Every structure is written in structure tokens, then in C-alpha cells.
$ cat query_24.txt   # compact mmCIF, C-alpha atoms (C1' of nucleotides)
# COMPACT_ATOMS: atom_id res chain seq x y z
CA MET Z 1 46.77 279.72 0.28
CA LYS Z 2 44.11 277.99 -1.81
CA ILE Z 3 42.65 279.44 -4.99
CA ALA Z 4 39.77 277.54 -6.59
CA THR Z 5 37.70 277.73 -9.75
CA TRP Z 6 34.23 276.23 -10.11
CA ASN Z 7 31.56 276.52 -12.77
CA VAL Z 8 28.50 276.24 -10.52
CA ASN Z 9 25.90 276.15 -13.34
CA GLY Z 10 23.42 278.52 -11.68
CA ILE Z 11 24.05 280.12 -8.28
CA LYS Z 12 20.39 279.99 -7.16
CA ALA Z 13 20.24 276.24 -7.78
CA ARG Z 14 23.70 275.69 -6.26
CA ILE Z 15 23.80 277.93 -3.17
CA ASP Z 16 23.43 275.04 -0.71
CA ASN Z 17 26.19 273.05 -2.43
CA LEU Z 18 28.37 276.13 -2.65
CA CYS Z 19 28.11 276.85 1.09
CA LYS Z 20 28.80 273.20 1.94
CA TRP Z 21 31.85 273.25 -0.35
CA LEU Z 22 33.15 276.55 1.08
CA GLU Z 23 32.83 275.01 4.54
CA GLU Z 24 34.71 271.84 3.61
CA SER Z 25 37.31 273.07 1.12
CA SER Z 26 37.73 276.56 2.58
CA PRO Z 27 39.41 278.27 -0.41
CA ASP Z 28 40.97 281.66 0.25
CA ILE Z 29 39.79 282.84 -3.16
CA ALA Z 30 37.06 281.20 -5.25
CA CYS Z 31 36.37 281.97 -8.91
CA LEU Z 32 32.79 281.09 -9.90
CA GLN Z 33 31.38 280.84 -13.41
CA GLU Z 34 27.90 280.52 -14.89
CA ILE Z 35 26.22 282.18 -11.94
CA LYS Z 36 23.27 282.79 -14.33
CA SER Z 37 22.12 285.72 -12.23
CA VAL Z 38 22.13 289.48 -12.24
CA ASP Z 39 24.23 291.09 -9.48
CA GLU Z 40 21.12 291.99 -7.42
CA GLY Z 41 19.91 288.37 -7.51
CA PHE Z 42 23.18 286.87 -6.25
CA PRO Z 43 22.77 285.41 -2.73
CA ALA Z 44 25.73 287.36 -1.36
CA SER Z 45 24.58 287.61 2.25
CA ARG Z 46 24.74 283.83 2.89
CA ILE Z 47 28.30 283.78 1.55
CA GLU Z 48 29.30 286.91 3.45
CA GLU Z 49 28.04 285.29 6.66
CA MET Z 50 30.70 282.63 6.07
CA GLY Z 51 33.40 285.28 6.09
CA TYR Z 52 33.78 285.88 2.37
CA HIS Z 53 33.96 289.11 0.45
CA VAL Z 54 31.76 288.87 -2.69
CA GLU Z 55 32.25 290.54 -6.07
CA THR Z 56 29.99 289.67 -9.01
CA HIS Z 57 29.76 290.44 -12.70
CA GLY Z 58 26.35 289.04 -13.50
CA GLN Z 59 23.97 288.82 -16.43
CA LYS Z 60 20.31 287.89 -16.77
CA GLY Z 61 19.72 284.19 -17.40
CA PHE Z 62 23.13 282.91 -18.43
CA ASN Z 63 26.90 283.47 -18.16
CA GLY Z 64 28.01 285.58 -15.18
CA VAL Z 65 31.13 285.28 -13.00
CA ALA Z 66 32.01 286.01 -9.37
CA LEU Z 67 35.01 286.28 -7.05
CA LEU Z 68 34.78 285.23 -3.39
CA SER Z 69 37.67 285.96 -1.05
CA LYS Z 70 38.54 285.77 2.64
CA VAL Z 71 40.46 289.05 2.37
CA ASP Z 72 39.14 292.17 0.73
CA PRO Z 73 40.46 292.88 -2.77
CA ILE Z 74 42.64 295.90 -3.43
CA GLU Z 75 40.95 296.41 -6.78
CA ILE Z 76 38.25 294.76 -8.94
CA SER Z 77 37.81 295.00 -12.71
CA ARG Z 78 34.80 293.74 -14.69
CA GLY Z 79 34.78 292.56 -18.31
CA LEU Z 80 37.52 291.49 -20.71
CA PRO Z 81 38.99 294.48 -22.61
CA GLY Z 82 39.21 294.55 -26.39
CA ASP Z 83 35.61 294.68 -27.64
CA ASP Z 84 33.23 297.46 -26.62
CA GLN Z 85 30.35 295.63 -28.36
CA ASP Z 86 30.71 292.50 -26.18
CA VAL Z 87 27.88 292.52 -23.62
CA GLN Z 88 28.43 289.00 -22.24
CA SER Z 89 29.60 288.80 -18.61
CA ARG Z 90 32.48 286.35 -18.76
CA PHE Z 91 35.42 287.97 -16.97
CA ILE Z 92 36.16 289.54 -13.61
CA SER Z 93 39.58 290.12 -12.09
CA GLY Z 94 40.76 291.11 -8.65
CA ILE Z 95 44.03 292.14 -7.02
CA TYR Z 96 44.52 290.63 -3.55
CA PRO Z 97 47.13 291.22 -0.87
CA THR Z 98 49.29 288.27 0.24
CA ASN Z 99 52.41 287.85 2.38
CA SER Z 100 54.33 287.54 -0.91
CA GLY Z 101 52.90 290.75 -2.31
CA PRO Z 102 49.81 291.47 -4.41
CA ILE Z 103 48.47 288.78 -6.74
CA THR Z 104 45.99 289.19 -9.59
CA VAL Z 105 43.23 286.60 -10.05
CA GLY Z 106 41.39 286.55 -13.37
CA CYS Z 107 38.14 284.57 -13.27
CA LEU Z 108 36.92 283.62 -16.74
CA TYR Z 109 34.12 281.82 -18.51
CA LEU Z 110 35.44 281.31 -22.03
CA PRO Z 111 32.77 280.99 -24.74
CA ASN Z 112 31.80 277.42 -25.66
CA GLY Z 113 31.85 278.14 -29.40
CA ASN Z 114 29.37 275.51 -30.60
CA PRO Z 115 27.93 275.17 -33.17
CA VAL Z 116 31.13 275.93 -35.06
CA ASN Z 117 29.37 276.96 -38.29
CA THR Z 118 27.72 279.92 -36.54
CA GLU Z 119 28.99 283.27 -35.26
CA LYS Z 120 29.60 281.58 -31.89
CA TYR Z 121 32.88 280.02 -32.98
CA PRO Z 122 34.59 283.18 -34.28
CA TYR Z 123 33.39 284.86 -31.07
CA LYS Z 124 35.22 282.18 -29.06
CA ILE Z 125 38.43 282.59 -31.08
CA SER Z 126 38.38 286.39 -30.85
CA TRP Z 127 37.69 286.12 -27.09
CA MET Z 128 40.77 283.88 -26.74
CA ARG Z 129 42.85 286.47 -28.60
CA ARG Z 130 41.59 289.19 -26.26
CA LEU Z 131 42.57 286.96 -23.31
CA ASN Z 132 46.00 286.54 -24.88
CA THR Z 133 46.37 290.34 -25.03
CA TRP Z 134 45.29 290.64 -21.36
CA ALA Z 135 47.92 288.06 -20.35
CA LYS Z 136 50.66 289.56 -22.54
CA GLN Z 137 50.18 292.99 -20.99
CA ARG Z 138 50.50 291.63 -17.46
CA LEU Z 139 53.46 289.42 -18.34
CA SER Z 140 55.31 292.47 -19.65
CA LEU Z 141 54.82 294.02 -16.20
CA GLU Z 142 56.00 290.77 -14.54
CA GLN Z 143 52.80 290.57 -12.49
CA THR Z 144 51.99 287.57 -10.33
CA PHE Z 145 48.69 286.32 -11.73
CA VAL Z 146 46.47 283.30 -12.35
CA LEU Z 147 43.83 282.93 -15.03
CA ALA Z 148 41.31 280.50 -13.53
CA GLY Z 149 38.05 279.32 -14.96
CA ASP Z 150 36.01 277.33 -17.43
CA PHE Z 151 38.15 277.57 -20.58
CA ASN Z 152 35.86 275.33 -22.66
CA VAL Z 153 39.09 273.84 -24.06
CA ILE Z 154 40.04 270.15 -23.90
CA PRO Z 155 43.84 270.53 -24.05
CA THR Z 156 44.82 267.06 -25.35
CA SER Z 157 43.47 263.57 -26.13
CA GLU Z 158 44.48 262.59 -22.58
CA ASP Z 159 41.89 265.00 -21.21
CA VAL Z 160 38.82 263.33 -22.73
CA HIS Z 161 37.30 259.86 -22.51
CA ASP Z 162 36.58 259.51 -26.24
CA PRO Z 163 38.70 261.88 -28.38
CA ALA Z 164 37.12 260.65 -31.62
CA ALA Z 165 33.69 261.78 -30.46
CA TRP Z 166 34.99 265.32 -29.99
CA GLN Z 167 36.66 265.74 -33.38
CA GLY Z 168 35.42 268.97 -34.92
CA ASP Z 169 33.83 270.19 -31.67
CA ALA Z 170 34.56 273.78 -30.65
CA LEU Z 171 36.25 272.51 -27.45
CA PHE Z 172 38.68 270.32 -29.36
CA ARG Z 173 39.25 271.87 -32.80
CA PRO Z 174 42.77 272.59 -34.09
CA GLU Z 175 42.14 276.34 -34.12
CA THR Z 176 40.98 276.17 -30.47
CA HIS Z 177 44.11 274.20 -29.56
CA ARG Z 178 46.25 276.71 -31.45
CA GLU Z 179 44.84 279.63 -29.43
CA PHE Z 180 45.27 277.70 -26.15
CA GLN Z 181 48.87 276.89 -27.10
CA GLU Z 182 49.43 280.58 -27.90
CA LEU Z 183 48.53 281.31 -24.28
CA LEU Z 184 50.93 278.66 -22.98
CA HIS Z 185 53.66 279.85 -25.33
CA LEU Z 186 53.49 283.26 -23.70
CA GLY Z 187 55.07 281.49 -20.74
CA LEU Z 188 52.00 280.51 -18.72
CA THR Z 189 51.94 277.25 -16.77
CA GLU Z 190 48.87 275.00 -16.79
CA ALA Z 191 48.81 274.15 -13.10
CA PHE Z 192 47.14 270.73 -13.15
CA ARG Z 193 49.44 269.29 -15.83
CA ALA Z 194 52.46 270.75 -14.05
CA CYS Z 195 51.51 268.76 -10.95
CA ASP Z 196 49.83 265.61 -12.25
CA SER Z 197 50.74 263.60 -15.36
CA ARG Z 198 47.92 261.06 -15.05
CA PRO Z 199 45.62 260.95 -18.09
CA HIS Z 200 41.82 261.04 -17.89
CA GLN Z 201 41.41 263.37 -14.92
CA TYR Z 202 38.23 265.28 -15.59
CA SER Z 203 36.50 268.44 -14.36
CA PHE Z 204 33.18 268.06 -16.23
CA TRP Z 205 30.75 265.20 -16.72
CA ASP Z 206 27.59 265.68 -18.78
CA TYR Z 207 24.27 265.24 -16.95
CA GLN Z 208 23.18 262.96 -19.80
CA ARG Z 209 23.84 259.32 -20.66
CA GLY Z 210 25.17 258.41 -17.20
CA ALA Z 211 28.41 260.22 -18.00
CA ARG Z 212 29.54 260.52 -14.37
CA GLN Z 213 28.87 256.87 -13.54
CA GLN Z 214 30.82 255.73 -16.61
CA ASN Z 215 33.54 258.38 -16.08
CA HIS Z 216 32.91 259.83 -19.53
CA GLY Z 217 34.30 263.27 -18.75
CA ILE Z 218 36.42 266.09 -20.10
CA ARG Z 219 38.97 268.38 -18.45
CA ILE Z 220 38.08 271.94 -19.41
CA ASP Z 221 38.50 273.94 -16.16
CA HIS Z 222 42.03 275.24 -15.84
CA CYS Z 223 44.42 277.47 -13.93
CA LEU Z 224 47.08 279.23 -16.02
CA LEU Z 225 49.88 280.77 -13.98
CA SER Z 226 52.30 283.57 -14.75
CA PRO Z 227 55.98 282.66 -14.10
CA GLN Z 228 55.96 284.52 -10.78
CA MET Z 229 52.83 282.59 -9.73
CA ALA Z 230 54.21 279.28 -11.02
CA ASP Z 231 57.23 279.78 -8.76
CA LEU Z 232 54.79 279.78 -5.81
CA LEU Z 233 52.78 276.73 -6.99
CA HIS Z 234 52.66 273.98 -4.38
CA SER Z 235 49.99 271.64 -5.80
CA CYS Z 236 46.85 271.37 -7.90
CA HIS Z 237 43.95 268.95 -7.55
CA ILE Z 238 40.40 268.36 -8.80
CA GLU Z 239 37.63 267.99 -6.20
CA SER Z 240 35.62 265.47 -8.20
CA TYR Z 241 33.65 264.17 -5.18
CA VAL Z 242 31.48 267.28 -5.40
CA ARG Z 243 30.00 265.85 -8.62
CA ASP Z 244 28.35 263.08 -6.53
CA TRP Z 245 26.49 265.41 -4.17
CA GLU Z 246 22.73 265.91 -4.42
CA ARG Z 247 21.75 268.28 -7.23
CA PRO Z 248 25.31 268.83 -8.48
CA SER Z 249 26.77 271.18 -11.04
CA ASP Z 250 28.08 269.35 -14.11
CA HIS Z 251 31.53 270.87 -13.32
CA VAL Z 252 33.65 270.33 -10.19
CA PRO Z 253 36.13 272.64 -8.44
CA VAL Z 254 39.80 272.77 -9.46
CA VAL Z 255 42.09 273.97 -6.67
CA ILE Z 256 45.66 275.27 -6.60
CA LYS Z 257 47.73 275.72 -3.47
CA ILE Z 258 50.21 278.59 -3.45
CA ASP Z 259 53.13 279.07 -1.06
CA THR Z 260 52.62 282.56 0.28
C1' DA Y 1 23.61 262.42 -36.44
C1' DT Y 2 22.78 264.50 -32.22
C1' DG Y 3 20.67 266.41 -27.62
C1' DA Y 4 18.69 260.93 -23.48
C1' DC Y 5 19.76 266.42 -18.51
C1' DA Y 6 19.55 270.68 -16.06
C1' DA Y 7 18.75 275.75 -15.21
C1' DA Y 8 16.55 279.98 -16.10
C1' DC Y 9 13.28 282.90 -18.57
C1' DT Y 10 10.86 283.59 -22.81
C1' DT Y 11 7.28 279.78 -17.97
C1' DT Y 12 3.47 274.09 -19.08
C1' DG Y 13 7.34 275.60 -23.93
C1' DT Y 14 12.01 277.77 -25.34
C1' DT Y 15 16.91 278.83 -25.12
C1' DT Y 16 21.37 277.65 -23.72
C1' DG Y 17 24.99 274.73 -22.48
C1' DA Y 18 28.98 270.97 -23.69
$ encode --input "query_24.txt" --output "C-alpha cells"
Amino acid sequence: MKIATWNVNGIKARIDNLCKWLEESSPDIACLQEIKSVDEGFPASRIEEMGYHVETHGQKGFNGVALLSKVDPIEISRGLPGDDQDVQSRFISGIYPTNSGPITVGCLYLPNGNPVNTEKYPYKISWMRRLNTWAKQRLSLEQTFVLAGDFNVIPTSEDVHDPAAWQGDALFRPETHREFQELLHLGLTEAFRACDSRPHQYSFWDYQRGARQQNHGIRIDHCLLSPQMADLLHSCHIESYVRDWERPSDHVPVVIKIDT
DNA sequence: ATGACAAACTTTGTTTGA
């Protein structure tokens, strides 16, 4: 089965591209970020007509995440636990039946964190610690899960065109890398790197400065797998051609294939 | 140092993103 993550940068502006992509790529489960819509404004019916079940966790104007699936979920949970004051819609998780038993899919839009000298950066770091707690709890139960989404983390210098330009940026700071490594050290597998050792494979290109044409990108959309999920991993690839469609998102889908 | 592009709301300017 195919599980995909894609930051669509606005569902209302991207609905045509999304339907075209669902038709062509046909993921079994799709994690969407930055839907930038409240739940009532999400164009669910067009997606349902294509045979997908739709679950959203929206917000007015920005953020917002959604889970699309060919099979109905067993259970859906909205929001990342650990901070009752956090009103930003950045996390939704679902449990889905497969031939290999139930799997949990966590769809996340991790805070960007810039500018780093504002409250936005500590919010990012505390959000990463809450995500760590979420993962640790499920690892202790030996659950089969994937955390898929826009992590807003450039893992290494091989995942960015110009590392020097990103020094000090919230996506590339040592403390950000430390928190990302903490997640990996729990025993999670970063699917793309487990499958593909080539440097400079990107999932985001800025709209500005001809970044796509010059391949000035960054790899910030990731799939982190629990050991039980990593055992099922068949492959992982980035569908970068979607960036060249009319009116594209600045992110492209990242897809994992699982042997179930 | 920063914001050349895009999306959505606060709508003919502003906020946010990366």
C-alpha cells in the first residue's frame, strides 16, 4: 500500500491539482498539510467522489491538516497532546485496518519556528518535544506507525542546495537538529534516507528567485517509521514532477510503499 | 540583510510562510 504526505499550501487553491494527483498517484492514505481552511470549507465531496474517506482538522486562514484514505479509519484523533493552550491545528492521526493488522498514521505540520528570536522558535522546540512524547508512548506499546508530514527540518547539509545560507535558520539550527535526532534515537527510521542515499533530493522549492528552475530546494517533508512499520517498508520516493504543474504548491508529495 | 512569490483574510493592504 502507498502512504503519501503533501503540504498542499491551501486546499481551495489546490483542489484541481490534488484531484489530478490522487488520480495519477492513487495513494491508499494521503496526509495533507496547510489546508488553510476550516473543516466546513474543505472541499470534501469532490474527494469523496473519487473514493476517499476524508477527515480534517482545520483552522481559519492558515495551518490545518487532513487525512484521506481509501478505507475507513478505525479511529481518528485531532491535535497533538501535551499543551491545552495550543490552538493551532497541526496534527491529526488515524488508525487504519490492513492485511498486516492495524497501522497508525500521524499527519503533522511542524511549526516553522522563524524568526528564531521570537516566541515562534521555543514553540517549535516544545512542539517537537510533544511529538517525541507521542512517539515514545506508541513505541512502548510496539505499535506500527508512521509520522508523516512537513517537519520544517532540513536533516543534513545534503538536504539543502546552499547550507551556508541556512545557518541560524529555524529549519537548520543545532537545537532543531538535536530534537530531530532525539526522534530518530527513539528508534524511528527516516524512510527516504533508508531507501535513497543520493544527496540533494528535495521536497520544497521556494516560489521566489526561480528556485525550482535552478533546483535550489530543501528536503523538509519526511516519513518517520516505527520499527514494526520499518520492517514493512518497501520503498520511498519524492514526486517532484508535481512541482511543475500549473499553479503548484511549493511542496511536493513524498510517498512510501508498505508491504501489507 | 532579507522577502523578488503565493494564499487567505484582515481584502486594493496585511499576515504568514520558508
$ closest_atom_pairs --input "query_24.txt" --of "chain Z" --to "chain Y" --cutoff "12 Å" --atoms "all atoms listed in the file" --output "JSON lines"
{"residue": "Z:Asn7", "atom": "CA", "partner": "Y:DG17", "partner_atom": "C1'", "distance": 11.9}
{"residue": "Z:Val8", "atom": "CA", "partner": "Y:DA7", "partner_atom": "C1'", "distance": 10.8}
{"residue": "Z:Asn9", "atom": "CA", "partner": "Y:DA7", "partner_atom": "C1'", "distance": 7.4}
{"residue": "Z:Gly10", "atom": "CA", "partner": "Y:DA7", "partner_atom": "C1'", "distance": 6.5}
{"residue": "Z:Ile11", "atom": "CA", "partner": "Y:DA7", "partner_atom": "C1'", "distance": 9.8}
{"residue": "Z:Lys12", "atom": "CA", "partner": "Y:DA7", "partner_atom": "C1'", "distance": 9.2}
{"residue": "Z:Ala13", "atom": "CA", "partner": "Y:DA7", "partner_atom": "C1'", "distance": 7.6}
{"residue": "Z:Arg14", "atom": "CA", "partner": "Y:DA7", "partner_atom": "C1'", "distance": 10.2}
{"residue": "Z:Glu34", "atom": "CA", "partner": "Y:DG17", "partner_atom": "C1'", "distance": 10.0}
{"residue": "Z:Ile35", "atom": "CA", "partner": "Y:DA7", "partner_atom": "C1'", "distance": 10.4}
{"residue": "Z:Lys36", "atom": "CA", "partner": "Y:DA8", "partner_atom": "C1'", "distance": 7.5}
{"residue": "Z:Ser37", "atom": "CA", "partner": "Y:DA8", "partner_atom": "C1'", "distance": 8.9}
{"residue": "Z:Val38", "atom": "CA", "partner": "Y:DA8", "partner_atom": "C1'", "distance": 11.7}
{"residue": "Z:Gln59", "atom": "CA", "partner": "Y:DA8", "partner_atom": "C1'", "distance": 11.5}
{"residue": "Z:Lys60", "atom": "CA", "partner": "Y:DA8", "partner_atom": "C1'", "distance": 8.8}
{"residue": "Z:Gly61", "atom": "CA", "partner": "Y:DA8", "partner_atom": "C1'", "distance": 5.4}
{"residue": "Z:Phe62", "atom": "CA", "partner": "Y:DA8", "partner_atom": "C1'", "distance": 7.6}
{"residue": "Z:Asn63", "atom": "CA", "partner": "Y:DT16", "partner_atom": "C1'", "distance": 9.8}
{"residue": "Z:Pro111", "atom": "CA", "partner": "Y:DG17", "partner_atom": "C1'", "distance": 10.2}
{"residue": "Z:Asn112", "atom": "CA", "partner": "Y:DA18", "partner_atom": "C1'", "distance": 7.3}
{"residue": "Z:Gly113", "atom": "CA", "partner": "Y:DA18", "partner_atom": "C1'", "distance": 9.6}
{"residue": "Z:Asn114", "atom": "CA", "partner": "Y:DA18", "partner_atom": "C1'", "distance": 8.3}
{"residue": "Z:Pro115", "atom": "CA", "partner": "Y:DA18", "partner_atom": "C1'", "distance": 10.4}
{"residue": "Z:Asp150", "atom": "CA", "partner": "Y:DA18", "partner_atom": "C1'", "distance": 11.4}
{"residue": "Z:Phe151", "atom": "CA", "partner": "Y:DA18", "partner_atom": "C1'", "distance": 11.7}
{"residue": "Z:Asn152", "atom": "CA", "partner": "Y:DA18", "partner_atom": "C1'", "distance": 8.2}
{"residue": "Z:Val153", "atom": "CA", "partner": "Y:DA18", "partner_atom": "C1'", "distance": 10.5}
{"residue": "Z:Ile154", "atom": "CA", "partner": "Y:DA18", "partner_atom": "C1'", "distance": 11.1}
{"residue": "Z:Ala165", "atom": "CA", "partner": "Y:DT2", "partner_atom": "C1'", "distance": 11.4}
{"residue": "Z:Trp166", "atom": "CA", "partner": "Y:DA18", "partner_atom": "C1'", "distance": 10.4}
{"residue": "Z:Asp169", "atom": "CA", "partner": "Y:DA18", "partner_atom": "C1'", "distance": 9.4}
{"residue": "Z:Ala170", "atom": "CA", "partner": "Y:DA18", "partner_atom": "C1'", "distance": 9.4}
{"residue": "Z:Leu171", "atom": "CA", "partner": "Y:DA18", "partner_atom": "C1'", "distance": 8.3}
{"residue": "Z:Phe172", "atom": "CA", "partner": "Y:DA18", "partner_atom": "C1'", "distance": 11.3}
{"residue": "Z:Phe204", "atom": "CA", "partner": "Y:DA18", "partner_atom": "C1'", "distance": 9.0}
{"residue": "Z:Trp205", "atom": "CA", "partner": "Y:DA18", "partner_atom": "C1'", "distance": 9.2}
{"residue": "Z:Asp206", "atom": "CA", "partner": "Y:DA18", "partner_atom": "C1'", "distance": 7.4}
{"residue": "Z:Tyr207", "atom": "CA", "partner": "Y:DC5", "partner_atom": "C1'", "distance": 4.9}
{"residue": "Z:Gln208", "atom": "CA", "partner": "Y:DC5", "partner_atom": "C1'", "distance": 5.0}
{"residue": "Z:Arg209", "atom": "CA", "partner": "Y:DA4", "partner_atom": "C1'", "distance": 6.1}
{"residue": "Z:Gly210", "atom": "CA", "partner": "Y:DA4", "partner_atom": "C1'", "distance": 9.4}
{"residue": "Z:Ala211", "atom": "CA", "partner": "Y:DC5", "partner_atom": "C1'", "distance": 10.7}
{"residue": "Z:Gly217", "atom": "CA", "partner": "Y:DA18", "partner_atom": "C1'", "distance": 10.6}
{"residue": "Z:Ile218", "atom": "CA", "partner": "Y:DA18", "partner_atom": "C1'", "distance": 9.6}
{"residue": "Z:Arg219", "atom": "CA", "partner": "Y:DA18", "partner_atom": "C1'", "distance": 11.6}
{"residue": "Z:Ile220", "atom": "CA", "partner": "Y:DA18", "partner_atom": "C1'", "distance": 10.1}
{"residue": "Z:Arg247", "atom": "CA", "partner": "Y:DA6", "partner_atom": "C1'", "distance": 9.4}
{"residue": "Z:Pro248", "atom": "CA", "partner": "Y:DA6", "partner_atom": "C1'", "distance": 9.7}
{"residue": "Z:Ser249", "atom": "CA", "partner": "Y:DA6", "partner_atom": "C1'", "distance": 8.8}
{"residue": "Z:Asp250", "atom": "CA", "partner": "Y:DA6", "partner_atom": "C1'", "distance": 8.9}
{"residue": "Z:His251", "atom": "CA", "partner": "Y:DA18", "partner_atom": "C1'", "distance": 10.7}
$ closest_atom_pairs --input "query_24.txt" --of "stretch 49-108 of chain Z" --to "stretch 230-243 of chain Z" --cutoff "12 Å" --atoms "all atoms listed in the file" --output "CSV"
residue,atom,partner,partner_atom,distance
Z:Thr98,CA,Z:Leu232,CA,11.8
Z:Asn99,CA,Z:Leu232,CA,11.7
Z:Ser100,CA,Z:Leu232,CA,9.2
Z:Gly101,CA,Z:Leu232,CA,11.7
Z:Ile103,CA,Z:Leu232,CA,11.0
$ atom_distance --input "query_24.txt" --atom1 "atom CA of Z:Arg129" --atom2 "atom CA of Z:Pro227"
19.9 Å
$ axis_aligned_box --input "query_24.txt" --around "stretch 1-13 of chain Y" --padding-each-side "6 Å" --output "lines of an AutoDock Vina configuration file"
center_x = 13.5
center_y = 272.3
center_z = -25.8
size_x = 32.1
size_y = 34.7
size_z = 33.2
$ atom_distance --input "query_24.txt" --atom1 "atom CA of Z:Ser89" --atom2 "atom CA of Z:Glu23"
27.1 Å
$ atom_distance --input "query_24.txt" --atom1 "atom CA of Z:Gln201" --atom2 "atom CA of Z:Gln214"
13.2 Å
$ closest_residue --input "query_24.txt" --among "Z:Ala135, Z:Val105, Z:Val252, Z:Met229" --to "Z:Leu68" --atoms "all atoms listed in the file"
Z:Val105
$ residues_around --input "query_24.txt" --residues "Z:Phe180" --least-positions-apart "2" --cutoff "9 Å" --atoms "all atoms listed in the file" --output "number ranges by chain"
Z: 128, 132, 153, 155, 175-178, 182-185
$ decode --input "query_24.txt" --residues "chain Y" --atoms "C-alpha atoms (C1' of nucleotides)" --output "short mmCIF file (atom, residue, chain, number, x, y, z; two decimals), in the first residue's frame"
data_model
loop_
_atom_site.label_atom_id
_atom_site.label_comp_id
_atom_site.auth_asym_id
_atom_site.auth_seq_id
_atom_site.Cartn_x
_atom_site.Cartn_y
_atom_site.Cartn_z
"C1'" DA Y 1 20.42 41.72 5.11
"C1'" DT Y 2 16.30 39.81 3.64
"C1'" DG Y 3 11.45 38.77 1.46
"C1'" DA Y 4 11.95 39.13 -5.66
"C1'" DC Y 5 6.04 34.66 -4.66
"C1'" DA Y 6 1.70 32.80 -3.26
"C1'" DA Y 7 -2.59 32.15 -0.40
"C1'" DA Y 8 -6.07 33.73 2.59
"C1'" DC Y 9 -8.31 37.27 5.39
"C1'" DT Y 10 -7.65 41.42 7.97
"C1'" DT Y 11 -9.46 42.45 1.15
"C1'" DT Y 12 -6.86 47.16 -3.22
"C1'" DG Y 13 -3.34 46.28 2.03
"C1'" DT Y 14 -1.76 42.80 5.75
"C1'" DT Y 15 -0.19 38.45 7.70
"C1'" DT Y 16 2.03 34.20 7.16
"C1'" DG Y 17 5.12 31.04 5.26
"C1'" DA Y 18 10.30 29.02 4.43
#
